[in-house]
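Peer 1: For reference, this is final12.csv, and it has CSV, C-alpha atoms.
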```csv
chain,number,residue,atom,x,y,z
A,1,MET,CA,-19.6,-11.4,4.7
A,2,ARG,CA,-17.1,-13.8,6.3
A,3,ILE,CA,-13.3,-13.4,6.1
A,4,GLY,CA,-11.5,-16.5,5.0
A,5,ILE,CA,-8.5,-18.0,3.3
A,6,ASP,CA,-8.5,-19.1,-0.4
A,7,VAL,CA,-5.3,-20.7,-1.6
A,8,SER,CA,-6.6,-20.9,-5.2
A,9,SER,CA,-5.5,-17.3,-5.9
A,10,VAL,CA,-2.0,-18.1,-4.6
A,11,GLN,CA,-1.9,-21.1,-6.9
A,12,ARG,CA,-2.9,-19.0,-9.9
A,13,SER,CA,-0.1,-16.5,-9.1
A,14,ARG,CA,3.1,-17.0,-10.9
A,15,TRP,CA,6.6,-16.5,-9.4
A,16,GLY,CA,6.9,-13.6,-11.8
A,17,ASP,CA,3.9,-11.8,-10.2
A,18,TYR,CA,5.7,-11.9,-6.8
A,19,GLY,CA,9.0,-11.0,-8.5
A,20,LEU,CA,7.4,-7.9,-10.0
A,21,ARG,CA,6.0,-6.8,-6.6
A,22,PHE,CA,9.4,-7.5,-4.9
A,23,VAL,CA,11.2,-5.3,-7.4
A,24,PHE,CA,8.6,-2.5,-7.1
A,25,GLY,CA,8.7,-2.6,-3.3
A,26,GLY,CA,12.4,-2.8,-3.2
A,27,MET,CA,12.8,0.1,-5.6
A,28,VAL,CA,10.4,2.4,-3.7
A,29,THR,CA,12.2,1.6,-0.4
A,30,ALA,CA,15.6,2.3,-2.0
A,31,ILE,CA,14.4,5.5,-3.7
A,32,THR,CA,12.9,6.8,-0.4
A,33,GLY,CA,16.4,6.5,1.1
A,34,ILE,CA,17.9,8.5,-1.8
A,35,ILE,CA,15.1,11.2,-1.5
A,36,ALA,CA,15.8,11.4,2.3
A,37,LYS,CA,19.5,12.0,1.6
A,38,THR,CA,18.9,14.6,-1.1
A,39,TYR,CA,15.8,16.5,0.2
A,40,GLY,CA,15.6,15.5,3.9
A,41,PRO,CA,13.2,13.4,5.9
A,42,GLY,CA,10.2,15.8,5.4
A,43,VAL,CA,9.9,15.1,1.7
A,44,ALA,CA,11.0,11.4,1.9
A,45,GLY,CA,8.3,10.7,4.5
A,46,ILE,CA,5.6,11.3,1.9
A,47,PHE,CA,6.9,8.3,-0.1
A,48,LEU,CA,6.4,6.0,2.9
A,49,ALA,CA,2.7,5.9,1.8
A,50,PHE,CA,3.4,5.7,-2.0
A,51,PRO,CA,1.0,3.2,-3.6
A,52,ALA,CA,4.0,1.1,-4.6
A,53,ILE,CA,2.3,-2.3,-5.3
A,54,PHE,CA,-1.3,-1.1,-5.6
A,55,PRO,CA,-1.2,-0.8,-9.5
A,56,ALA,CA,0.5,-4.2,-9.8
A,57,GLY,CA,-1.9,-5.8,-7.4
A,58,ALA,CA,-5.0,-4.4,-9.1
A,59,THR,CA,-3.7,-5.4,-12.6
A,60,LEU,CA,-3.0,-9.0,-11.4
A,61,ILE,CA,-6.5,-9.3,-9.9
A,62,GLU,CA,-8.0,-8.2,-13.2
A,63,LYS,CA,-5.8,-10.7,-15.1
A,64,HIS,CA,-6.6,-13.6,-12.8
A,65,GLU,CA,-10.4,-12.9,-12.9
A,66,LYS,CA,-10.3,-12.7,-16.7
A,67,GLU,CA,-8.4,-16.0,-16.9
A,68,LYS,CA,-10.8,-17.7,-14.6
A,69,LYS,CA,-13.8,-16.6,-16.7
A,70,GLY,CA,-11.9,-17.4,-19.9
A,71,LYS,CA,-11.4,-21.0,-18.8
A,72,ALA,CA,-15.2,-21.3,-18.4
A,73,GLY,CA,-15.6,-20.0,-22.0
A,74,LEU,CA,-16.8,-16.6,-20.9
A,75,ASN,CA,-15.4,-13.1,-21.6
A,76,GLY,CA,-14.1,-12.0,-18.2
A,77,THR,CA,-13.0,-8.5,-19.1
A,78,LYS,CA,-15.8,-6.6,-17.4
A,79,ARG,CA,-15.8,-9.0,-14.4
A,80,GLY,CA,-12.0,-8.6,-14.1
A,81,ARG,CA,-12.3,-4.8,-14.0
A,82,ALA,CA,-15.1,-4.9,-11.5
A,83,ALA,CA,-12.9,-7.1,-9.2
A,84,ALA,CA,-10.1,-4.6,-9.5
A,85,SER,CA,-12.6,-1.8,-8.5
A,86,VAL,CA,-13.6,-3.8,-5.4
A,87,ASP,CA,-9.9,-4.3,-4.6
A,88,ALA,CA,-9.3,-0.5,-4.9
A,89,ALA,CA,-12.2,0.2,-2.5
A,90,GLY,CA,-10.6,-2.2,0.0
A,91,ALA,CA,-7.3,-0.4,-0.4
A,92,ALA,CA,-9.0,2.9,0.4
A,93,MET,CA,-10.1,1.4,3.7
A,94,GLY,CA,-6.6,0.2,4.3
A,95,THR,CA,-5.3,3.8,3.9
A,96,LEU,CA,-7.3,4.8,7.0
A,97,GLY,CA,-5.2,2.4,9.0
A,98,LEU,CA,-2.1,3.8,7.2
A,99,ILE,CA,-3.0,7.3,8.5
A,100,ALA,CA,-3.3,5.9,12.0
A,101,PHE,CA,0.0,4.0,11.6
A,102,ALA,CA,1.9,7.2,10.6
A,103,ALA,CA,0.3,9.3,13.3
A,104,LEU,CA,1.2,6.8,16.0
A,105,VAL,CA,4.8,6.4,14.9
A,106,TRP,CA,5.2,10.2,14.7
A,107,GLN,CA,3.8,10.8,18.2
A,108,LEU,CA,5.3,7.7,20.1
A,109,LEU,CA,8.6,7.0,18.4
A,110,PRO,CA,10.7,9.7,20.1
A,111,ARG,CA,9.7,8.5,23.6
A,112,HIS,CA,9.4,4.7,23.3
A,113,SER,CA,11.2,1.7,22.1
A,114,ALA,CA,11.3,1.4,18.3
A,115,LEU,CA,10.3,-2.2,18.2
A,116,THR,CA,7.3,-1.6,20.5
A,117,VAL,CA,6.1,1.5,18.4
A,118,LEU,CA,6.5,-0.2,15.0
A,119,SER,CA,4.8,-3.4,16.1
A,120,GLY,CA,2.0,-1.5,17.9
A,121,ALA,CA,1.5,0.8,14.9
A,122,GLY,CA,1.4,-2.2,12.6
A,123,THR,CA,-1.3,-3.8,14.8
A,124,ALA,CA,-3.2,-0.5,14.8
A,125,TRP,CA,-3.0,-0.4,11.0
A,126,LEU,CA,-4.6,-3.9,10.8
A,127,ALA,CA,-7.3,-3.2,13.5
A,128,ILE,CA,-8.4,0.2,12.0
A,129,SER,CA,-8.4,-1.1,8.4
A,130,MET,CA,-10.5,-4.1,9.4
A,131,LEU,CA,-12.9,-1.8,11.4
A,132,ALA,CA,-13.2,0.6,8.4
A,133,TRP,CA,-13.8,-2.4,6.1
A,134,TRP,CA,-16.4,-3.8,8.4
A,135,ILE,CA,-18.3,-0.5,8.8
A,136,ARG,CA,-18.3,0.0,5.0
A,137,LYS,CA,-19.7,-3.5,4.5
A,138,SER,CA,-22.4,-2.9,7.1
A,139,LEU,CA,-23.7,0.3,5.6
B,1,MET,CA,25.5,1.6,-2.1
B,2,LYS,CA,25.5,-1.2,0.4
B,3,GLU,CA,22.7,0.6,2.3
B,4,LEU,CA,20.7,1.0,-0.9
B,5,ILE,CA,20.9,-2.7,-1.7
B,6,PHE,CA,19.9,-3.6,1.8
B,7,ARG,CA,16.9,-1.2,1.6
B,8,PHE,CA,15.9,-2.8,-1.7
B,9,LEU,CA,16.1,-6.3,-0.3
B,10,ILE,CA,14.2,-5.5,3.0
B,11,GLY,CA,11.6,-3.4,1.2
B,12,GLY,CA,11.1,-6.0,-1.6
B,13,THR,CA,10.7,-8.8,1.0
B,14,LEU,CA,8.2,-7.0,3.2
B,15,VAL,CA,6.1,-5.9,0.2
B,16,SER,CA,6.1,-9.5,-1.1
B,17,VAL,CA,5.0,-10.9,2.3
B,18,PHE,CA,2.0,-8.4,2.5
B,19,ALA,CA,1.2,-9.2,-1.2
B,20,PHE,CA,1.1,-12.9,-0.4
B,21,ILE,CA,-1.2,-12.4,2.6
B,22,GLY,CA,-3.4,-10.2,0.4
B,23,ASP,CA,-3.6,-13.0,-2.2
B,24,LEU,CA,-4.5,-15.5,0.4
B,25,VAL,CA,-7.5,-13.8,2.1
B,26,ARG,CA,-11.0,-13.4,0.9
B,27,PRO,CA,-13.4,-11.6,0.1
B,28,LYS,CA,-11.7,-9.4,-2.5
B,29,SER,CA,-12.6,-6.1,-0.8
B,30,PHE,CA,-10.9,-7.4,2.4
B,31,ALA,CA,-7.9,-8.6,0.5
B,32,GLY,CA,-7.7,-5.0,-0.9
B,33,LEU,CA,-6.7,-3.7,2.5
B,34,PHE,CA,-3.3,-5.3,2.0
B,35,GLY,CA,-2.7,-3.1,-1.1
B,36,ALA,CA,-2.3,-0.3,1.5
B,37,ALA,CA,-0.2,-2.2,4.0
B,38,PRO,CA,2.6,-0.3,5.6
B,39,SER,CA,5.2,-2.5,4.0
B,40,VAL,CA,7.5,0.2,2.5
B,41,ALA,CA,7.0,2.3,5.7
B,42,LEU,CA,8.0,-0.6,8.0
B,43,ALA,CA,11.1,-1.4,6.0
B,44,SER,CA,12.1,2.3,5.6
B,45,LEU,CA,11.4,3.4,9.1
B,46,ALA,CA,13.3,0.4,10.6
B,47,LEU,CA,16.4,1.1,8.5
B,48,THR,CA,16.1,4.9,9.2
B,49,ILE,CA,15.9,4.3,12.9
B,50,ALA,CA,19.0,2.1,12.7
B,51,THR,CA,21.0,4.6,10.7
B,52,GLN,CA,19.7,8.1,11.5
B,53,GLY,CA,17.9,7.7,14.9
B,54,LYS,CA,14.3,7.9,16.1
B,55,ALA,CA,13.8,11.7,15.9
B,56,TYR,CA,14.7,11.6,12.2
B,57,ALA,CA,12.3,8.7,11.5
B,58,ALA,CA,9.5,10.5,13.4
B,59,VAL,CA,9.8,13.4,11.0
B,60,GLU,CA,9.4,11.0,8.1
B,61,ALA,CA,6.3,9.5,9.8
B,62,ARG,CA,4.8,13.0,10.2
B,63,SER,CA,5.1,13.6,6.4
B,64,MET,CA,3.8,10.1,5.8
B,65,ILE,CA,0.4,11.2,7.1
B,66,ALA,CA,0.1,13.5,4.0
B,67,GLY,CA,1.0,10.6,1.7
B,68,ALA,CA,-1.5,8.3,3.4
B,69,VAL,CA,-4.4,10.8,3.1
B,70,ALA,CA,-3.5,11.3,-0.6
B,71,PHE,CA,-3.5,7.5,-1.0
B,72,PHE,CA,-7.1,7.4,0.4
B,73,LEU,CA,-8.1,10.0,-2.2
B,74,TYR,CA,-6.3,8.2,-5.0
B,75,ALA,CA,-7.6,4.7,-4.2
B,76,SER,CA,-11.2,6.0,-3.8
B,77,ILE,CA,-11.1,7.7,-7.2
B,78,VAL,CA,-9.5,4.6,-8.9
B,79,SER,CA,-12.3,2.5,-7.4
B,80,LYS,CA,-15.1,4.9,-8.6
B,81,VAL,CA,-13.6,5.3,-12.1
B,82,MET,CA,-13.1,1.5,-12.5
B,83,MET,CA,-16.7,0.9,-11.4
B,84,LEU,CA,-18.2,3.5,-13.6
B,85,TYR,CA,-16.1,3.4,-16.8
B,86,LYS,CA,-14.4,-0.1,-16.5
B,87,PRO,CA,-11.0,1.0,-18.0
B,88,PRO,CA,-8.1,-1.5,-17.8
B,89,ALA,CA,-6.7,-1.6,-14.2
B,90,LEU,CA,-3.2,-0.7,-15.3
B,91,ALA,CA,-4.4,2.4,-17.2
B,92,ALA,CA,-6.6,3.6,-14.3
B,93,THR,CA,-4.0,3.0,-11.6
B,94,LEU,CA,-1.1,4.6,-13.5
B,95,GLY,CA,-3.2,7.2,-15.2
B,96,LEU,CA,-4.6,8.5,-11.9
B,97,MET,CA,-1.2,8.4,-10.1
B,98,PRO,CA,-0.8,12.3,-10.5
B,99,VAL,CA,-3.7,12.5,-8.1
B,100,TRP,CA,-1.5,10.9,-5.4
B,101,PHE,CA,1.5,13.1,-6.3
B,102,GLY,CA,-0.5,16.3,-6.4
B,103,ALA,CA,-2.6,15.6,-3.2
B,104,SER,CA,0.4,14.4,-1.1
B,105,TYR,CA,2.7,17.2,-2.1
B,106,GLY,CA,-0.1,19.8,-1.7
B,107,LEU,CA,-1.1,18.5,1.8
B,108,TRP,CA,2.5,18.4,2.8
B,109,LEU,CA,3.1,21.9,1.7
B,110,THR,CA,0.0,23.4,3.3
B,111,LEU,CA,-0.4,21.3,6.5
B,112,VAL,CA,2.7,19.4,7.4
B,113,ARG,CA,5.8,21.4,6.4
```
Please render this file's structure as structure tokens.
Peer 2:
Amino acid sequence: MRIGIDVSSVQRSRWGDYGLRFVFGGMVTAITGIIAKTYGPGVAGIFLAFPAIFPAGATLIEKHEKEKKGKAGLNGTKRGRAAASVDAAGAAMGTLGLIAFAALVWQLLPRHSALTVLSGAGTAWLAISMLAWWIRKSL
Amino acid sequence: MKELIFRFLIGGTLVSVFAFIGDLVRPKSFAGLFGAAPSVALASLALTIATQGKAYAAVEARSMIAGAVAFFLYASIVSKVMMLYKPPALAATLGLMPVWFGASYGLWLTLVR
């Protein structure tokens, strides 16, 4: 299966959809700061991998798929939910990259430049997530 | 307060950027990867490094491993439940959120702390 770009989904998204994810993401980041101040970095760190936008993303995918089928005069409820399931399976592959991201930052940050570690860990997240996705697709 | 507002703006922006990329790419399973992008982590860690230093941020990253393993468990269960029973996405993702809370805190208590 080939990876590509499809602008139609972005065109279907409303500004409100992005606004919702902006607010969720901003709130989780701010709350993580409050938790760190109250309970320390050990507890706050857990929330760096909180599924902040995952529920909103899956819900929007379901809604868009349903609307697409609805325009064609079909009932897209089941199709929308199947699409959200596929999205969740992809997110599970992304979490493997997230584990690697966290492990790299934990091990390398104290001894190396912050910019190098964060950009390297971000690249590792993408590479490992893509590899996990590709292996899962190939099975 | 100023720091919290700054955190909110940076976190919201990074999350929106990753969400936009996720909307742009296909197939859907590949786009799903971006639902687990380190957007909140990048924003939080960068701000923590600037205010508390690298050693403090490294402690946060260590605990993040427990959260990420729990996220894997949670997303896998959501995917299976949605495939088998086809509930509304919002009900499945929010209804199963205790899986993430329980697994992440349990892992942190037993393995990381």
Peer 1: Once you count only C-alpha atoms, which residues of chain B turn out to be within 6 Å of chain A? Could you give them as number ranges by chain?
Peer 2: B: 4, 7-9, 11-12, 15-16, 23-26, 28-30, 32-33, 35-36, 40-41, 54-55, 58, 60-65, 67-68, 72, 75-76, 79, 82-83, 86, 89-90, 93
Peer 1: Hey, which of B:Ala46, B:Val78, B:Pro27, B:Met1 ends up closest to Leu14 of chain B? Count all atoms listed in the file.
Peer 2: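 Answer, going by the shortest atom-to-atom distance: B:Ala46.
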Peer 1: Using all atoms listed in the file, which of the listed residues (A:Lys37, A:Lys66, A:Arg136, A:Arg14) sits closest to Pro88 of chain B?
Peer 2: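 Of A:Lys37, A:Lys66, A:Arg136, A:Arg14, the one nearest Pro88 of chain B is A:Lys66, counting all atoms listed in the file.
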Peer 1: Determine the nearest neighbour of Tyr105 of chain B from the options B:Pro87, B:Glu3, B:Leu73, B:Ala66, counting only C-alpha atoms.
Peer 2: B:Ala66
Peer 1: Kindly give the distance, in Å, that separates atom CA of Leu94 of chain B and atom CA of Lys80 of chain B, rounded to a single decimal.
Peer 2: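 Taking atom CA of Leu94 of chain B as the start and atom CA of Lys80 of chain B as the end point, the length is 14.8 Å.
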Peer 1: Would you compute the distance between atom CA of Ala37 of chain B and atom CA of Val17 of chain B? Give it in Å to one decimal.
Peer 2: 10.3 Å
Peer 1: What separation in Å, quoted to one decimal, exists between atom CA of Ala72 of chain A and atom CA of Val81 of chain B?
Peer 2: 27.4 Å
Peer 1: Pick out the closest residue to Phe6 of chain B from this set: B:Ser44, B:Thr110, B:Gln52, B:Ser104. Count only C-alpha atoms.
Peer 2: B:Ser44
Peer 1: Since the input is missing atoms for segment 43-78 of chain B, could you rebuild it with N, CA and C atoms and give the result as a PDB file, in the frame of the given file?
Peer 2:
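Output saved as result34.pdb:
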```pdb
ATOM      1  N   ALA B  43       9.741  -1.128   6.423  1.00  0.00           N
ATOM      2  CA  ALA B  43      11.100  -1.400   6.000  1.00  0.00           C
ATOM      3  C   ALA B  43      11.946  -0.082   6.101  1.00  0.00           C
ATOM      4  N   SER B  44      11.391   1.020   5.561  1.00  0.00           N
ATOM      5  CA  SER B  44      12.100   2.300   5.600  1.00  0.00           C
ATOM      6  C   SER B  44      12.369   2.815   6.963  1.00  0.00           C
ATOM      7  N   LEU B  45      11.303   2.801   7.788  1.00  0.00           N
ATOM      8  CA  LEU B  45      11.400   3.400   9.100  1.00  0.00           C
ATOM      9  C   LEU B  45      12.426   2.557   9.979  1.00  0.00           C
ATOM     10  N   ALA B  46      12.366   1.218   9.862  1.00  0.00           N
ATOM     11  CA  ALA B  46      13.300   0.400  10.600  1.00  0.00           C
ATOM     12  C   ALA B  46      14.737   0.711  10.261  1.00  0.00           C
ATOM     13  N   LEU B  47      14.999   0.843   8.955  1.00  0.00           N
ATOM     14  CA  LEU B  47      16.400   1.100   8.500  1.00  0.00           C
ATOM     15  C   LEU B  47      16.783   2.560   8.870  1.00  0.00           C
ATOM     16  N   THR B  48      15.810   3.498   8.793  1.00  0.00           N
ATOM     17  CA  THR B  48      16.100   4.900   9.200  1.00  0.00           C
ATOM     18  C   THR B  48      16.428   5.010  10.644  1.00  0.00           C
ATOM     19  N   ILE B  49      15.658   4.304  11.474  1.00  0.00           N
ATOM     20  CA  ILE B  49      15.900   4.300  12.900  1.00  0.00           C
ATOM     21  C   ILE B  49      17.328   3.823  13.202  1.00  0.00           C
ATOM     22  N   ALA B  50      17.709   2.741  12.507  1.00  0.00           N
ATOM     23  CA  ALA B  50      19.000   2.100  12.700  1.00  0.00           C
ATOM     24  C   ALA B  50      20.168   3.056  12.287  1.00  0.00           C
ATOM     25  N   THR B  51      19.940   3.825  11.218  1.00  0.00           N
ATOM     26  CA  THR B  51      21.000   4.600  10.700  1.00  0.00           C
ATOM     27  C   THR B  51      21.004   6.109  11.144  1.00  0.00           C
ATOM     28  N   GLN B  52      19.783   6.680  11.251  1.00  0.00           N
ATOM     29  CA  GLN B  52      19.700   8.100  11.500  1.00  0.00           C
ATOM     30  C   GLN B  52      19.073   8.441  12.911  1.00  0.00           C
ATOM     31  N   GLY B  53      18.475   7.456  13.531  1.00  0.00           N
ATOM     32  CA  GLY B  53      17.900   7.700  14.900  1.00  0.00           C
ATOM     33  C   GLY B  53      16.380   7.884  14.812  1.00  0.00           C
ATOM     34  N   LYS B  54      15.777   7.842  16.014  1.00  0.00           N
ATOM     35  CA  LYS B  54      14.300   7.900  16.100  1.00  0.00           C
ATOM     36  C   LYS B  54      13.701   9.224  15.784  1.00  0.00           C
ATOM     37  N   ALA B  55      14.388  10.318  16.153  1.00  0.00           N
ATOM     38  CA  ALA B  55      13.800  11.700  15.900  1.00  0.00           C
ATOM     39  C   ALA B  55      13.702  11.905  14.388  1.00  0.00           C
ATOM     40  N   TYR B  56      14.710  11.476  13.625  1.00  0.00           N
ATOM     41  CA  TYR B  56      14.700  11.600  12.200  1.00  0.00           C
ATOM     42  C   TYR B  56      13.566  10.807  11.558  1.00  0.00           C
ATOM     43  N   ALA B  57      13.387   9.571  12.055  1.00  0.00           N
ATOM     44  CA  ALA B  57      12.300   8.700  11.500  1.00  0.00           C
ATOM     45  C   ALA B  57      10.934   9.262  11.880  1.00  0.00           C
ATOM     46  N   ALA B  58      10.823   9.922  13.040  1.00  0.00           N
ATOM     47  CA  ALA B  58       9.500  10.500  13.400  1.00  0.00           C
ATOM     48  C   ALA B  58       9.127  11.638  12.485  1.00  0.00           C
ATOM     49  N   VAL B  59      10.126  12.382  11.982  1.00  0.00           N
ATOM     50  CA  VAL B  59       9.800  13.400  11.000  1.00  0.00           C
ATOM     51  C   VAL B  59       9.289  12.815   9.711  1.00  0.00           C
ATOM     52  N   GLU B  60       9.887  11.696   9.313  1.00  0.00           N
ATOM     53  CA  GLU B  60       9.400  11.000   8.100  1.00  0.00           C
ATOM     54  C   GLU B  60       7.945  10.513   8.331  1.00  0.00           C
ATOM     55  N   ALA B  61       7.669   9.982   9.527  1.00  0.00           N
ATOM     56  CA  ALA B  61       6.300   9.500   9.800  1.00  0.00           C
ATOM     57  C   ALA B  61       5.286  10.616   9.778  1.00  0.00           C
ATOM     58  N   ARG B  62       5.699  11.803  10.217  1.00  0.00           N
ATOM     59  CA  ARG B  62       4.800  13.000  10.200  1.00  0.00           C
ATOM     60  C   ARG B  62       4.397  13.292   8.750  1.00  0.00           C
ATOM     61  N   SER B  63       5.373  13.287   7.856  1.00  0.00           N
ATOM     62  CA  SER B  63       5.100  13.600   6.400  1.00  0.00           C
ATOM     63  C   SER B  63       4.290  12.421   5.807  1.00  0.00           C
ATOM     64  N   MET B  64       4.479  11.229   6.339  1.00  0.00           N
ATOM     65  CA  MET B  64       3.800  10.100   5.800  1.00  0.00           C
ATOM     66  C   MET B  64       2.243  10.235   5.888  1.00  0.00           C
ATOM     67  N   ILE B  65       1.800  10.998   6.902  1.00  0.00           N
ATOM     68  CA  ILE B  65       0.400  11.200   7.100  1.00  0.00           C
ATOM     69  C   ILE B  65      -0.209  11.866   5.786  1.00  0.00           C
ATOM     70  N   ALA B  66       0.521  12.846   5.220  1.00  0.00           N
ATOM     71  CA  ALA B  66       0.100  13.500   4.000  1.00  0.00           C
ATOM     72  C   ALA B  66      -0.008  12.489   2.837  1.00  0.00           C
ATOM     73  N   GLY B  67       1.005  11.626   2.744  1.00  0.00           N
ATOM     74  CA  GLY B  67       1.000  10.600   1.700  1.00  0.00           C
ATOM     75  C   GLY B  67      -0.138   9.618   1.860  1.00  0.00           C
ATOM     76  N   ALA B  68      -0.464   9.271   3.109  1.00  0.00           N
ATOM     77  CA  ALA B  68      -1.500   8.300   3.400  1.00  0.00           C
ATOM     78  C   ALA B  68      -2.919   8.886   3.064  1.00  0.00           C
ATOM     79  N   VAL B  69      -3.114  10.169   3.406  1.00  0.00           N
ATOM     80  CA  VAL B  69      -4.400  10.800   3.100  1.00  0.00           C
ATOM     81  C   VAL B  69      -4.559  10.895   1.554  1.00  0.00           C
ATOM     82  N   ALA B  70      -3.446  11.209   0.868  1.00  0.00           N
ATOM     83  CA  ALA B  70      -3.500  11.300  -0.600  1.00  0.00           C
ATOM     84  C   ALA B  70      -3.767   9.878  -1.194  1.00  0.00           C
ATOM     85  N   PHE B  71      -3.243   8.835  -0.559  1.00  0.00           N
ATOM     86  CA  PHE B  71      -3.500   7.500  -1.000  1.00  0.00           C
ATOM     87  C   PHE B  71      -4.983   7.121  -0.880  1.00  0.00           C
ATOM     88  N   PHE B  72      -5.614   7.598   0.206  1.00  0.00           N
ATOM     89  CA  PHE B  72      -7.100   7.400   0.400  1.00  0.00           C
ATOM     90  C   PHE B  72      -7.835   7.991  -0.763  1.00  0.00           C
ATOM     91  N   LEU B  73      -7.484   9.231  -1.079  1.00  0.00           N
ATOM     92  CA  LEU B  73      -8.100  10.000  -2.200  1.00  0.00           C
ATOM     93  C   LEU B  73      -7.941   9.236  -3.495  1.00  0.00           C
ATOM     94  N   TYR B  74      -6.689   8.850  -3.750  1.00  0.00           N
ATOM     95  CA  TYR B  74      -6.300   8.200  -5.000  1.00  0.00           C
ATOM     96  C   TYR B  74      -7.037   6.834  -5.158  1.00  0.00           C
ATOM     97  N   ALA B  75      -7.014   6.004  -4.115  1.00  0.00           N
ATOM     98  CA  ALA B  75      -7.600   4.700  -4.200  1.00  0.00           C
ATOM     99  C   ALA B  75      -9.157   4.801  -4.353  1.00  0.00           C
ATOM    100  N   SER B  76      -9.768   5.784  -3.676  1.00  0.00           N
ATOM    101  CA  SER B  76     -11.200   6.000  -3.800  1.00  0.00           C
ATOM    102  C   SER B  76     -11.591   6.398  -5.214  1.00  0.00           C
ATOM    103  N   ILE B  77     -10.783   7.282  -5.808  1.00  0.00           N
ATOM    104  CA  ILE B  77     -11.100   7.700  -7.200  1.00  0.00           C
ATOM    105  C   ILE B  77     -10.854   6.561  -8.166  1.00  0.00           C
ATOM    106  N   VAL B  78      -9.780   5.784  -7.975  1.00  0.00           N
ATOM    107  CA  VAL B  78      -9.500   4.600  -8.900  1.00  0.00           C
ATOM    108  C   VAL B  78     -10.732   3.671  -8.790  1.00  0.00           C
TER     109      VAL B  78
END
```
